[in-house]
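Report on the structure given below.
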Amino acid sequence: MRNPPRLVDFVVDFLHRRGVSHVFGVGGANIEDLYDALHHSPAGPLGVVAKHEYSAATMADGYHRASQRVPVIASTSGAGAMNLVPGIAELRASYVPALVLIGQPPARLDGHGSFQETSGLAGSIDATRMFSELAVHCVRVQEPEAIVHELPRALAAATDPAAPGPAVLLLPKDVQQAVLPSGAPSAVPHEPAGPPLSGAADRARAAGLLQAARGKGGVVVIAGEAVARADARPQLARLAEALDAWVAVVPDAKDVFDPRATRHLGVTGVMGMDEVEEVLQRASAVLLAGTRLPQLAGAGLHEHLKGVPVVCVDPREPFLDTQEELVRLTGPVAAELDLLRGALPGAEPGPRPGRGRAAPVEALPPSTPLDMRASVLTVAAALPQGANVAADAGNTGASAIHHVDVPVGGRFIAALGMGGMGHSFGAGIGAAFATGRRTCVIAGDGAFFMHGMEVHTAVEHELPVTFVVLNNNAHAMCTTREQLFFSGDYSFNVFRPARIGDGVAAMFPGLAATTVRTVGELRAALDRAHSTTSPALICVDVDPTEMPPFRPFHQQALATGRGRPVPEGAVPG
């Protein structure tokens, strides 16, 4: 660190001491001093420049979800700061902690019409007020000396175990450049206290309900993203075995329970499996582990849950209506799961039959033409050990959530808070930075045209990311809605053909980019990509009329007789 240090040198040194390895952002005049400090800090962190501030936020998102480490985002003022809004909103909605450093025009110009002013003075936009609504914490640092307190406070707010999320510090340029006075105190870390453990009486009541259900219709566990955030997979597995319970997972927690286990039911909600609802109808109790059961995860389940006892292990209040009986255990998820298992009477788990998933993709001949289903199943079968998957929005995302299981040790990443298109490109890059392992991005052409140029970032850093773009030359989920819920005689969402694979190959001569048309060609392209440590892009042309495994679409198609038929067993009922 420089002596005497500028405020930005102090920030970078603090980040280094806290183990931060990457800062994701986009440069600009009012954040360039931070990048200068990063350059003069040979021990790190590494400054990663994205193509768009939204993607810097999604890189941070994927980085955290793949590693549980706290990411840092940096942006300049004005449009740069505004471009962060949807990314910060996703972090907040998905409980992803992040420290967000946003440059501002010099404080001495506040209220004088400076370029990109957002001080809230003289009729300007108030960035503090705006980001306070989006983030869990937002402070504008007006005095340089305040950074020694505000920086650790922001990090503590971001990592609050009860409600983690993005914490924003607004840093005027002249404050960033200020030299801290000699003898300035070191930043004192604020370690947030986790929520207290639930009382023994509540735990005993929960154990009694679950134990009683074992002797009747059994127990179904619905596991959520907070299990991953707490790295509580072993505790979940041990409790499920002790309860002799079936386990279902919410869409953005596909990796929290081994999909090969006979107790595994599959995914809940509108993109999930019929088996979940069928088994739940017979259950005598339900355990929610690390999920509030929001709409996409709980659609079709909430009404049934009114009539059975529910135990919820999560500090957050679940999205449930009036229950027959609800017991909440609100301490740290991992500890509560272990203590609940300890409160159960000893019993040997019984055998569980397999759940009869769809036939493996190996049954498809190499000459089979590719549609969405065949494509994502082929991708799933080719994932190397420990690989991560980042699935985007729309029809492609629904297909990936329904069909793709990640290998043990990998993470399945999906943005189901705000559901922004193009999220997977940055998230996949962030996951690759965090783990160094192969990450597969599964996205549609609509998502590619929004934020697919982050391929450039993967190329610049030689990251092991395989971008699989399913190109139907449409915003196909919108097209499907036009066909099912409206007259179907028009579409604003079908476009002229684009040759994405050829275009990317021309733009990036060193990148392995190709277009495939059959199962055999896709397998070969994936094998080539995964035999390297470099990025690759594979484009698959698919039909925009193919209906994804999205329950509301199939219900509407059955009711109206519209929509393209799909293979039996390939979609939820």
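Residue names in the structure tokens use chain letters A, B, ... in the order shown, residue numbers from 1 in each chain, and ligand numbers from 1 in the order shown.
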
Find the residues near A:Gly123: any atom within 10 Å, counting only C-alpha atoms, skip ones fewer than 5 places away on the same chain, and give them as a compact mmCIF listing (two decimals) with N, CA and C atoms, in the first residue's frame.
# COMPACT_ATOMS: atom_id res chain seq x y z
N GLY A 111 -24.32 19.83 -6.26
CA GLY A 111 -25.28 20.93 -6.32
C GLY A 111 -24.94 21.98 -7.34
N GLY A 113 -24.33 21.18 -10.74
CA GLY A 113 -24.57 20.70 -12.10
C GLY A 113 -23.42 19.96 -12.71
N GLU A 117 -24.07 14.10 -12.15
CA GLU A 117 -24.33 14.33 -10.73
C GLU A 117 -25.55 13.54 -10.25
N THR A 118 -25.39 12.85 -9.14
CA THR A 118 -26.51 12.15 -8.49
C THR A 118 -26.44 12.38 -6.98

Can you pull out the residues contacting stretch 450-455 of chain A? Cut-off 9 Å, using only C-alpha atoms, and skip same-chain residues under 4 positions away; I want them as an mmCIF file with N, CA, C and O atoms, in the first residue's frame.
data_model
loop_
_atom_site.group_PDB
_atom_site.id
_atom_site.type_symbol
_atom_site.label_atom_id
_atom_site.label_comp_id
_atom_site.auth_asym_id
_atom_site.auth_seq_id
_atom_site.Cartn_x
_atom_site.Cartn_y
_atom_site.Cartn_z
ATOM 1 N N ALA A 50 -15.624 -5.904 -17.278
ATOM 2 C CA ALA A 50 -16.721 -6.494 -18.043
ATOM 3 C C ALA A 50 -17.063 -5.593 -19.219
ATOM 4 O O ALA A 50 -16.561 -4.468 -19.347
ATOM 5 N N LYS A 51 -17.960 -6.059 -20.060
ATOM 6 C CA LYS A 51 -18.412 -5.267 -21.198
ATOM 7 C C LYS A 51 -19.586 -4.363 -20.826
ATOM 8 O O LYS A 51 -19.917 -3.443 -21.565
ATOM 9 N N HIS A 52 -20.220 -4.651 -19.696
ATOM 10 C CA HIS A 52 -21.398 -3.895 -19.260
ATOM 11 C C HIS A 52 -21.499 -4.046 -17.755
ATOM 12 O O HIS A 52 -21.186 -5.109 -17.207
ATOM 13 N N TYR A 54 -24.082 -4.337 -15.842
ATOM 14 C CA TYR A 54 -24.984 -5.416 -15.429
ATOM 15 C C TYR A 54 -24.235 -6.736 -15.358
ATOM 16 O O TYR A 54 -24.389 -7.519 -14.412
ATOM 17 N N SER A 55 -23.407 -6.980 -16.367
ATOM 18 C CA SER A 55 -22.656 -8.234 -16.376
ATOM 19 C C SER A 55 -21.590 -8.269 -15.291
ATOM 20 O O SER A 55 -21.249 -9.353 -14.791
ATOM 21 N N MET A 421 -32.743 -11.467 -18.570
ATOM 22 C CA MET A 421 -32.120 -12.164 -19.689
ATOM 23 C C MET A 421 -30.656 -11.750 -19.821
ATOM 24 O O MET A 421 -30.299 -10.596 -19.629
ATOM 25 N N GLY A 422 -29.811 -12.709 -20.134
ATOM 26 C CA GLY A 422 -28.378 -12.465 -20.279
ATOM 27 C C GLY A 422 -27.594 -12.655 -19.002
ATOM 28 O O GLY A 422 -26.363 -12.567 -19.017
ATOM 29 N N HIS A 423 -28.281 -12.950 -17.889
ATOM 30 C CA HIS A 423 -27.607 -13.123 -16.599
ATOM 31 C C HIS A 423 -26.557 -14.226 -16.653
ATOM 32 O O HIS A 423 -25.487 -14.128 -16.038
ATOM 33 N N SER A 424 -26.829 -15.300 -17.391
ATOM 34 C CA SER A 424 -25.967 -16.485 -17.345
ATOM 35 C C SER A 424 -24.570 -16.223 -17.889
ATOM 36 O O SER A 424 -23.613 -16.891 -17.480
ATOM 37 N N PHE A 425 -24.419 -15.271 -18.816
ATOM 38 C CA PHE A 425 -23.095 -15.043 -19.406
ATOM 39 C C PHE A 425 -22.118 -14.527 -18.354
ATOM 40 O O PHE A 425 -21.019 -15.053 -18.196
ATOM 41 N N GLY A 426 -22.516 -13.512 -17.617
ATOM 42 C CA GLY A 426 -21.654 -13.032 -16.551
ATOM 43 C C GLY A 426 -21.555 -14.029 -15.416
ATOM 44 O O GLY A 426 -20.470 -14.242 -14.853
ATOM 45 N N ILE A 429 -19.098 -16.756 -16.140
ATOM 46 C CA ILE A 429 -17.721 -16.255 -16.061
ATOM 47 C C ILE A 429 -17.303 -16.102 -14.602
ATOM 48 O O ILE A 429 -16.197 -16.493 -14.208
ATOM 49 N N ASP A 445 -30.865 -17.226 -27.811
ATOM 50 C CA ASP A 445 -30.330 -16.157 -28.636
ATOM 51 C C ASP A 445 -30.760 -14.788 -28.122
ATOM 52 O O ASP A 445 -30.003 -13.810 -28.230
ATOM 53 N N GLY A 446 -31.955 -14.683 -27.516
ATOM 54 C CA GLY A 446 -32.362 -13.405 -26.947
ATOM 55 C C GLY A 446 -31.427 -12.960 -25.848
ATOM 56 O O GLY A 446 -31.034 -11.791 -25.770
ATOM 57 N N VAL A 459 -12.732 -14.831 -23.256
ATOM 58 C CA VAL A 459 -11.587 -14.972 -24.163
ATOM 59 C C VAL A 459 -10.374 -14.228 -23.606
ATOM 60 O O VAL A 459 -9.247 -14.746 -23.605
ATOM 61 N N GLU A 460 -10.585 -13.012 -23.117
ATOM 62 C CA GLU A 460 -9.475 -12.215 -22.579
ATOM 63 C C GLU A 460 -8.777 -12.921 -21.422
ATOM 64 O O GLU A 460 -7.559 -12.824 -21.267
ATOM 65 N N VAL A 465 -15.026 -21.765 -19.963
ATOM 66 C CA VAL A 465 -16.477 -21.596 -20.046
ATOM 67 C C VAL A 465 -16.945 -22.080 -21.418
ATOM 68 O O VAL A 465 -16.408 -21.667 -22.452
ATOM 69 N N PHE A 467 -20.070 -21.859 -23.763
ATOM 70 C CA PHE A 467 -21.316 -21.144 -24.000
ATOM 71 C C PHE A 467 -22.151 -21.940 -25.003
ATOM 72 O O PHE A 467 -21.743 -22.096 -26.160
ATOM 73 N N VAL A 504 -19.656 -15.267 -34.189
ATOM 74 C CA VAL A 504 -18.712 -15.271 -33.071
ATOM 75 C C VAL A 504 -17.356 -15.803 -33.523
ATOM 76 O O VAL A 504 -16.305 -15.290 -33.112
ATOM 77 N N PRO A 535 -12.152 -21.178 -23.399
ATOM 78 C CA PRO A 535 -13.572 -20.996 -23.680
ATOM 79 C C PRO A 535 -13.964 -21.557 -25.035
ATOM 80 O O PRO A 535 -13.108 -21.761 -25.918
ATOM 81 N N ALA A 536 -15.254 -21.803 -25.202
ATOM 82 C CA ALA A 536 -15.799 -22.271 -26.474
ATOM 83 C C ALA A 536 -17.240 -21.819 -26.568
ATOM 84 O O ALA A 536 -17.901 -21.585 -25.548
ATOM 85 N N LEU A 537 -17.731 -21.690 -27.786
ATOM 86 C CA LEU A 537 -19.139 -21.364 -28.015
ATOM 87 C C LEU A 537 -19.719 -22.347 -29.015
ATOM 88 O O LEU A 537 -19.125 -22.605 -30.061
#

Which of stretch 278-352 of chain A DSSP labels strand (DSSP E or B), written as an NGL selection string: :A and (285-289 or 309-313 or 325-329)

File dump, residues just selected, C-alpha atoms, as a compact mmCIF listing (two decimals), in the first residue's frame:
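Full text of part.txt as output:
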# COMPACT_ATOMS: atom_id res chain seq x y z
CA ALA A 285 -45.62 -33.57 6.84
CA VAL A 286 -43.35 -31.26 4.85
CA LEU A 287 -39.99 -29.85 5.86
CA LEU A 288 -38.91 -26.62 4.12
CA ALA A 289 -35.11 -26.45 4.40
CA PRO A 309 -47.95 -29.83 9.21
CA VAL A 310 -44.98 -27.84 7.93
CA VAL A 311 -41.60 -27.39 9.59
CA CYS A 312 -39.62 -24.46 8.15
CA VAL A 313 -35.85 -24.28 8.77
CA GLU A 325 -49.58 -26.43 11.83
CA LEU A 326 -46.36 -24.51 11.21
CA VAL A 327 -43.19 -24.75 13.27
CA ARG A 328 -40.34 -22.38 12.41
CA LEU A 329 -36.71 -23.03 13.31

I'd like the neighbourhood of stretch 142-148 of chain A as a short mmCIF file (atom, residue, chain, number, x, y, z; two decimals) with N, CA and C atoms, in the first residue's frame, where a residue qualifies if any of its atoms comes within 10 Å (using only C-alpha atoms), though same-chain residues fewer than 3 positions away should be ignored.
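Result file follows (selection_6.cif):
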data_model
loop_
_atom_site.label_atom_id
_atom_site.label_comp_id
_atom_site.auth_asym_id
_atom_site.auth_seq_id
_atom_site.Cartn_x
_atom_site.Cartn_y
_atom_site.Cartn_z
N ARG A 6 -3.74 6.80 -0.24
CA ARG A 6 -5.00 7.43 -0.62
C ARG A 6 -6.15 6.56 -0.09
N LEU A 7 -7.33 7.13 -0.11
CA LEU A 7 -8.48 6.34 0.32
C LEU A 7 -8.61 5.07 -0.52
N VAL A 8 -8.39 5.14 -1.82
CA VAL A 8 -8.54 3.95 -2.66
C VAL A 8 -7.48 2.90 -2.33
N PHE A 10 -6.31 2.40 0.66
CA PHE A 10 -6.84 1.82 1.90
C PHE A 10 -7.91 0.77 1.57
N VAL A 11 -8.80 1.10 0.61
CA VAL A 11 -9.86 0.18 0.23
C VAL A 11 -9.28 -1.11 -0.33
N PHE A 14 -7.68 -3.21 2.33
CA PHE A 14 -8.72 -3.84 3.14
C PHE A 14 -9.28 -5.08 2.43
N PRO A 106 -16.84 14.66 -8.10
CA PRO A 106 -16.23 15.24 -6.90
C PRO A 106 -17.27 15.89 -5.98
N ALA A 107 -17.12 15.64 -4.69
CA ALA A 107 -18.09 16.16 -3.71
C ALA A 107 -18.14 17.68 -3.72
N ARG A 108 -17.01 18.33 -4.03
CA ARG A 108 -16.97 19.80 -4.01
C ARG A 108 -17.86 20.41 -5.09
N VAL A 139 -24.40 3.92 1.75
CA VAL A 139 -23.86 5.11 2.40
C VAL A 139 -23.03 5.88 1.38
N LEU A 151 -16.42 1.13 5.50
CA LEU A 151 -16.09 -0.04 4.69
C LEU A 151 -16.41 -1.35 5.43
N PRO A 152 -15.93 -1.54 6.66
CA PRO A 152 -16.30 -2.77 7.36
C PRO A 152 -17.79 -2.85 7.69
N ARG A 153 -18.43 -1.70 7.92
CA ARG A 153 -19.88 -1.74 8.17
C ARG A 153 -20.64 -2.23 6.94
N LEU A 169 -21.39 1.46 -1.40
CA LEU A 169 -20.69 2.67 -0.94
C LEU A 169 -20.53 3.60 -2.13
N LEU A 170 -21.04 4.83 -2.00
CA LEU A 170 -20.89 5.85 -3.03
C LEU A 170 -19.66 6.68 -2.69
N LEU A 171 -18.70 6.73 -3.62
CA LEU A 171 -17.39 7.31 -3.35
C LEU A 171 -17.10 8.47 -4.31
N PRO A 172 -17.28 9.72 -3.89
CA PRO A 172 -16.92 10.85 -4.75
C PRO A 172 -15.44 10.80 -5.14
N ASP A 174 -13.06 13.06 -5.47
CA ASP A 174 -12.07 13.74 -4.63
C ASP A 174 -11.89 13.04 -3.29
N VAL A 175 -12.93 12.37 -2.82
CA VAL A 175 -12.79 11.58 -1.60
C VAL A 175 -11.90 10.37 -1.87
N GLN A 176 -12.07 9.73 -3.02
CA GLN A 176 -11.21 8.60 -3.38
C GLN A 176 -9.73 9.01 -3.42
N GLN A 177 -9.47 10.21 -3.92
CA GLN A 177 -8.09 10.66 -4.11
C GLN A 177 -7.46 11.20 -2.83
N ALA A 178 -8.27 11.45 -1.83
CA ALA A 178 -7.76 12.07 -0.60
C ALA A 178 -6.74 11.16 0.08
N VAL A 179 -5.69 11.80 0.61
CA VAL A 179 -4.68 11.07 1.38
C VAL A 179 -5.15 10.98 2.82
N LEU A 180 -5.18 9.77 3.32
CA LEU A 180 -5.62 9.59 4.70
C LEU A 180 -4.56 10.12 5.66
N PRO A 181 -4.96 10.78 6.73
CA PRO A 181 -3.99 11.35 7.66
C PRO A 181 -3.16 10.25 8.31
N ALA A 184 -4.14 7.25 10.93
CA ALA A 184 -5.55 6.88 10.78
C ALA A 184 -5.73 5.44 11.25
N PRO A 185 -6.79 5.15 11.98
CA PRO A 185 -6.98 3.79 12.50
C PRO A 185 -7.22 2.79 11.38
N SER A 186 -6.85 1.57 11.64
CA SER A 186 -7.13 0.51 10.70
C SER A 186 -8.61 0.18 10.76
N ALA A 187 -9.10 -0.34 9.64
CA ALA A 187 -10.50 -0.75 9.62
C ALA A 187 -10.71 -1.94 10.55
N VAL A 188 -11.70 -1.84 11.38
CA VAL A 188 -12.01 -2.92 12.32
C VAL A 188 -13.15 -3.74 11.74
N PRO A 189 -12.90 -5.02 11.44
CA PRO A 189 -13.98 -5.83 10.86
C PRO A 189 -15.19 -5.91 11.78
#

Sorted by chain and rising residue number, which residues of stretch 398-445 of chain A lie within 12 Å of stretch 59-79 of chain A, and what are their closest atom pairs and distances in Å to one decimal, counting only C-alpha atoms, as CSV?
residue,atom,partner,partner_atom,distance
A:Gly409,CA,A:Ala66,CA,9.7
A:Gly410,CA,A:Ala66,CA,7.7
A:Arg411,CA,A:Ala66,CA,5.9
A:Phe412,CA,A:Ala66,CA,8.4
A:Ile413,CA,A:Gly62,CA,6.9
A:Ala414,CA,A:Gly62,CA,9.0
A:Ala415,CA,A:Asp61,CA,9.0
A:Gly417,CA,A:Asp61,CA,11.8
A:Gly422,CA,A:Met59,CA,11.3
A:His423,CA,A:Met59,CA,8.5
A:Ser424,CA,A:Gly62,CA,8.2
A:Phe425,CA,A:Met59,CA,8.0
A:Gly426,CA,A:Met59,CA,4.3
A:Ala427,CA,A:Gly62,CA,3.9
A:Gly428,CA,A:Gly62,CA,6.1
A:Ile429,CA,A:Met59,CA,6.0
A:Gly430,CA,A:Met59,CA,4.1
A:Ala431,CA,A:Tyr63,CA,4.5
A:Ala432,CA,A:Tyr63,CA,7.5
A:Phe433,CA,A:Tyr63,CA,6.8
A:Ala434,CA,A:Tyr63,CA,5.2
A:Thr435,CA,A:Ser67,CA,6.8
A:Gly436,CA,A:Ala66,CA,10.3
A:Arg437,CA,A:Ala66,CA,10.1
A:Arg438,CA,A:Ala66,CA,11.6
A:Thr439,CA,A:Ala66,CA,10.0
A:Cys440,CA,A:Gly62,CA,11.9
A:Val441,CA,A:Gly62,CA,11.1

Restricted to N, CA and C atoms, what would the selected residues look like written as a PDB file, in the first residue's frame?
ATOM      1  N   GLY A 409     -20.418 -31.664  -6.694  1.00  0.00           N
ATOM      2  CA  GLY A 409     -19.374 -30.645  -6.553  1.00  0.00           C
ATOM      3  C   GLY A 409     -19.588 -29.425  -7.409  1.00  0.00           C
ATOM      4  N   GLY A 410     -20.506 -29.511  -8.374  1.00  0.00           N
ATOM      5  CA  GLY A 410     -20.794 -28.357  -9.217  1.00  0.00           C
ATOM      6  C   GLY A 410     -21.976 -27.573  -8.692  1.00  0.00           C
ATOM      7  N   ARG A 411     -22.176 -26.388  -9.248  1.00  0.00           N
ATOM      8  CA  ARG A 411     -23.301 -25.543  -8.849  1.00  0.00           C
ATOM      9  C   ARG A 411     -24.191 -25.282 -10.044  1.00  0.00           C
ATOM     10  N   PHE A 412     -25.496 -25.241  -9.788  1.00  0.00           N
ATOM     11  CA  PHE A 412     -26.474 -24.861 -10.806  1.00  0.00           C
ATOM     12  C   PHE A 412     -26.949 -23.460 -10.466  1.00  0.00           C
ATOM     13  N   ILE A 413     -26.716 -22.514 -11.379  1.00  0.00           N
ATOM     14  CA  ILE A 413     -26.967 -21.101 -11.113  1.00  0.00           C
ATOM     15  C   ILE A 413     -28.083 -20.610 -12.030  1.00  0.00           C
ATOM     16  N   ALA A 414     -29.113 -20.028 -11.432  1.00  0.00           N
ATOM     17  CA  ALA A 414     -30.211 -19.440 -12.199  1.00  0.00           C
ATOM     18  C   ALA A 414     -30.704 -18.204 -11.463  1.00  0.00           C
ATOM     19  N   ALA A 415     -30.991 -17.156 -12.212  1.00  0.00           N
ATOM     20  CA  ALA A 415     -31.447 -15.895 -11.624  1.00  0.00           C
ATOM     21  C   ALA A 415     -32.961 -15.892 -11.583  1.00  0.00           C
ATOM     22  N   GLY A 417     -34.729 -14.289  -9.081  1.00  0.00           N
ATOM     23  CA  GLY A 417     -35.239 -13.145  -8.355  1.00  0.00           C
ATOM     24  C   GLY A 417     -35.878 -12.151  -9.315  1.00  0.00           C
ATOM     25  N   GLY A 422     -29.811 -12.709 -20.134  1.00  0.00           N
ATOM     26  CA  GLY A 422     -28.378 -12.465 -20.279  1.00  0.00           C
ATOM     27  C   GLY A 422     -27.594 -12.655 -19.002  1.00  0.00           C
ATOM     28  N   HIS A 423     -28.281 -12.950 -17.889  1.00  0.00           N
ATOM     29  CA  HIS A 423     -27.607 -13.123 -16.599  1.00  0.00           C
ATOM     30  C   HIS A 423     -26.557 -14.226 -16.653  1.00  0.00           C
ATOM     31  N   SER A 424     -26.829 -15.300 -17.391  1.00  0.00           N
ATOM     32  CA  SER A 424     -25.967 -16.485 -17.345  1.00  0.00           C
ATOM     33  C   SER A 424     -24.570 -16.223 -17.889  1.00  0.00           C
ATOM     34  N   PHE A 425     -24.419 -15.271 -18.816  1.00  0.00           N
ATOM     35  CA  PHE A 425     -23.095 -15.043 -19.406  1.00  0.00           C
ATOM     36  C   PHE A 425     -22.118 -14.527 -18.354  1.00  0.00           C
ATOM     37  N   GLY A 426     -22.516 -13.512 -17.617  1.00  0.00           N
ATOM     38  CA  GLY A 426     -21.654 -13.032 -16.551  1.00  0.00           C
ATOM     39  C   GLY A 426     -21.555 -14.029 -15.416  1.00  0.00           C
ATOM     40  N   ALA A 427     -22.673 -14.668 -15.048  1.00  0.00           N
ATOM     41  CA  ALA A 427     -22.665 -15.611 -13.927  1.00  0.00           C
ATOM     42  C   ALA A 427     -21.738 -16.781 -14.203  1.00  0.00           C
ATOM     43  N   GLY A 428     -21.740 -17.285 -15.427  1.00  0.00           N
ATOM     44  CA  GLY A 428     -20.848 -18.383 -15.777  1.00  0.00           C
ATOM     45  C   GLY A 428     -19.387 -17.980 -15.698  1.00  0.00           C
ATOM     46  N   ILE A 429     -19.098 -16.756 -16.140  1.00  0.00           N
ATOM     47  CA  ILE A 429     -17.721 -16.255 -16.061  1.00  0.00           C
ATOM     48  C   ILE A 429     -17.303 -16.102 -14.602  1.00  0.00           C
ATOM     49  N   GLY A 430     -18.195 -15.541 -13.772  1.00  0.00           N
ATOM     50  CA  GLY A 430     -17.878 -15.408 -12.357  1.00  0.00           C
ATOM     51  C   GLY A 430     -17.628 -16.743 -11.692  1.00  0.00           C
ATOM     52  N   ALA A 431     -18.441 -17.756 -12.031  1.00  0.00           N
ATOM     53  CA  ALA A 431     -18.261 -19.090 -11.463  1.00  0.00           C
ATOM     54  C   ALA A 431     -16.926 -19.691 -11.882  1.00  0.00           C
ATOM     55  N   ALA A 432     -16.526 -19.456 -13.131  1.00  0.00           N
ATOM     56  CA  ALA A 432     -15.235 -19.972 -13.592  1.00  0.00           C
ATOM     57  C   ALA A 432     -14.081 -19.277 -12.882  1.00  0.00           C
ATOM     58  N   PHE A 433     -14.185 -17.962 -12.678  1.00  0.00           N
ATOM     59  CA  PHE A 433     -13.162 -17.257 -11.905  1.00  0.00           C
ATOM     60  C   PHE A 433     -13.072 -17.825 -10.484  1.00  0.00           C
ATOM     61  N   ALA A 434     -14.219 -18.129  -9.890  1.00  0.00           N
ATOM     62  CA  ALA A 434     -14.248 -18.563  -8.494  1.00  0.00           C
ATOM     63  C   ALA A 434     -13.679 -19.955  -8.304  1.00  0.00           C
ATOM     64  N   THR A 435     -13.932 -20.847  -9.251  1.00  0.00           N
ATOM     65  CA  THR A 435     -13.592 -22.259  -9.051  1.00  0.00           C
ATOM     66  C   THR A 435     -12.469 -22.762  -9.937  1.00  0.00           C
ATOM     67  N   GLY A 436     -12.244 -22.099 -11.073  1.00  0.00           N
ATOM     68  CA  GLY A 436     -11.262 -22.591 -12.030  1.00  0.00           C
ATOM     69  C   GLY A 436     -11.740 -23.818 -12.779  1.00  0.00           C
ATOM     70  N   ARG A 437     -12.989 -24.250 -12.545  1.00  0.00           N
ATOM     71  CA  ARG A 437     -13.506 -25.455 -13.187  1.00  0.00           C
ATOM     72  C   ARG A 437     -14.376 -25.096 -14.390  1.00  0.00           C
ATOM     73  N   ARG A 438     -14.571 -26.082 -15.247  1.00  0.00           N
ATOM     74  CA  ARG A 438     -15.413 -25.890 -16.417  1.00  0.00           C
ATOM     75  C   ARG A 438     -16.808 -25.433 -15.986  1.00  0.00           C
ATOM     76  N   THR A 439     -17.288 -24.411 -16.641  1.00  0.00           N
ATOM     77  CA  THR A 439     -18.633 -23.894 -16.408  1.00  0.00           C
ATOM     78  C   THR A 439     -19.360 -23.864 -17.736  1.00  0.00           C
ATOM     79  N   CYS A 440     -20.585 -24.338 -17.737  1.00  0.00           N
ATOM     80  CA  CYS A 440     -21.380 -24.383 -18.963  1.00  0.00           C
ATOM     81  C   CYS A 440     -22.521 -23.379 -18.856  1.00  0.00           C
ATOM     82  N   VAL A 441     -22.556 -22.441 -19.763  1.00  0.00           N
ATOM     83  CA  VAL A 441     -23.644 -21.470 -19.868  1.00  0.00           C
ATOM     84  C   VAL A 441     -24.646 -21.995 -20.886  1.00  0.00           C
TER      85      VAL A 441
END

Near stretch 372-376 of chain A, counting only C-alpha atoms, which residues have an atom at most 8 Å away, once you skip same-chain residues fewer than 2 positions from it, shown as a list in words?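 So, after excluding close chain neighbours, the residues are Val361, Leu370, Thr378, Val379, Ala380, Thr396, Ser399, Ala400, His403, Val404, Ile442, Leu470, Val519, Leu522, Val540, Val542, Glu546, Pro548 and Ala570 of chain A.
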
Can you pull out every residue within 7 Å of A:Ala283, counting only C-alpha atoms, but drop anything in the same chain fewer than 6 positions away, and send it as a VMD selection string? chain A and resid 217 to 220

Could you check which of A:Gly342, A:Gly520, A:Gly419, A:Gly510 is closest to A:Gly397, using only C-alpha atoms? A:Gly419

Tell me which protein, DNA and RNA residues are within 12 Å of A:Glu278, counting only C-alpha atoms, leaving out same-chain ones fewer than 5 positions away, and put them as a list in words.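 Near A:Glu278, the qualifying residues are Val220, Trp246, Ala248, Leu265, Gly266, Thr268, Gly272, Met273, Ala283, Gly300, Leu301, His304, Arg355, Pro572 and Gly573 of chain A.
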
Residues of stretch 176-289 of chain A in alpha helix (DSSP H) according to DSSP, as a VMD selection string? chain A and resid 176 to 177 200 to 214 225 to 229 233 to 243 274 to 282

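Within the 8 Å cut-off around stretch 255-264 of chain A, using only C-alpha atoms and omitting residues fewer than 5 positions from it on the same chain, the listed residues are A:Ala223, A:Gly224, A:Glu225, A:Val227, A:Ala228, A:Arg233, A:Leu236, A:Ala237, A:Ala245, A:Trp246, A:Val247, A:Ala248, A:Val249, A:Arg352, A:Pro353, A:Gly354, A:Arg355, A:Asp405, A:Val406, A:Val408, A:Gly410, A:Arg411, A:Phe412.
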
The residue from A:Leu84, A:Cys478, A:Ser94, A:Ala393 with the smallest atom-to-atom distance to A:Tyr490, counting only C-alpha atoms, is A:Cys478

In Å to one decimal, how far is atom CA of A:Pro234 from atom CA of A:Ala204?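 If I compute the distance from atom CA of A:Ala204 to atom CA of A:Pro234, I get 21.5 Å.
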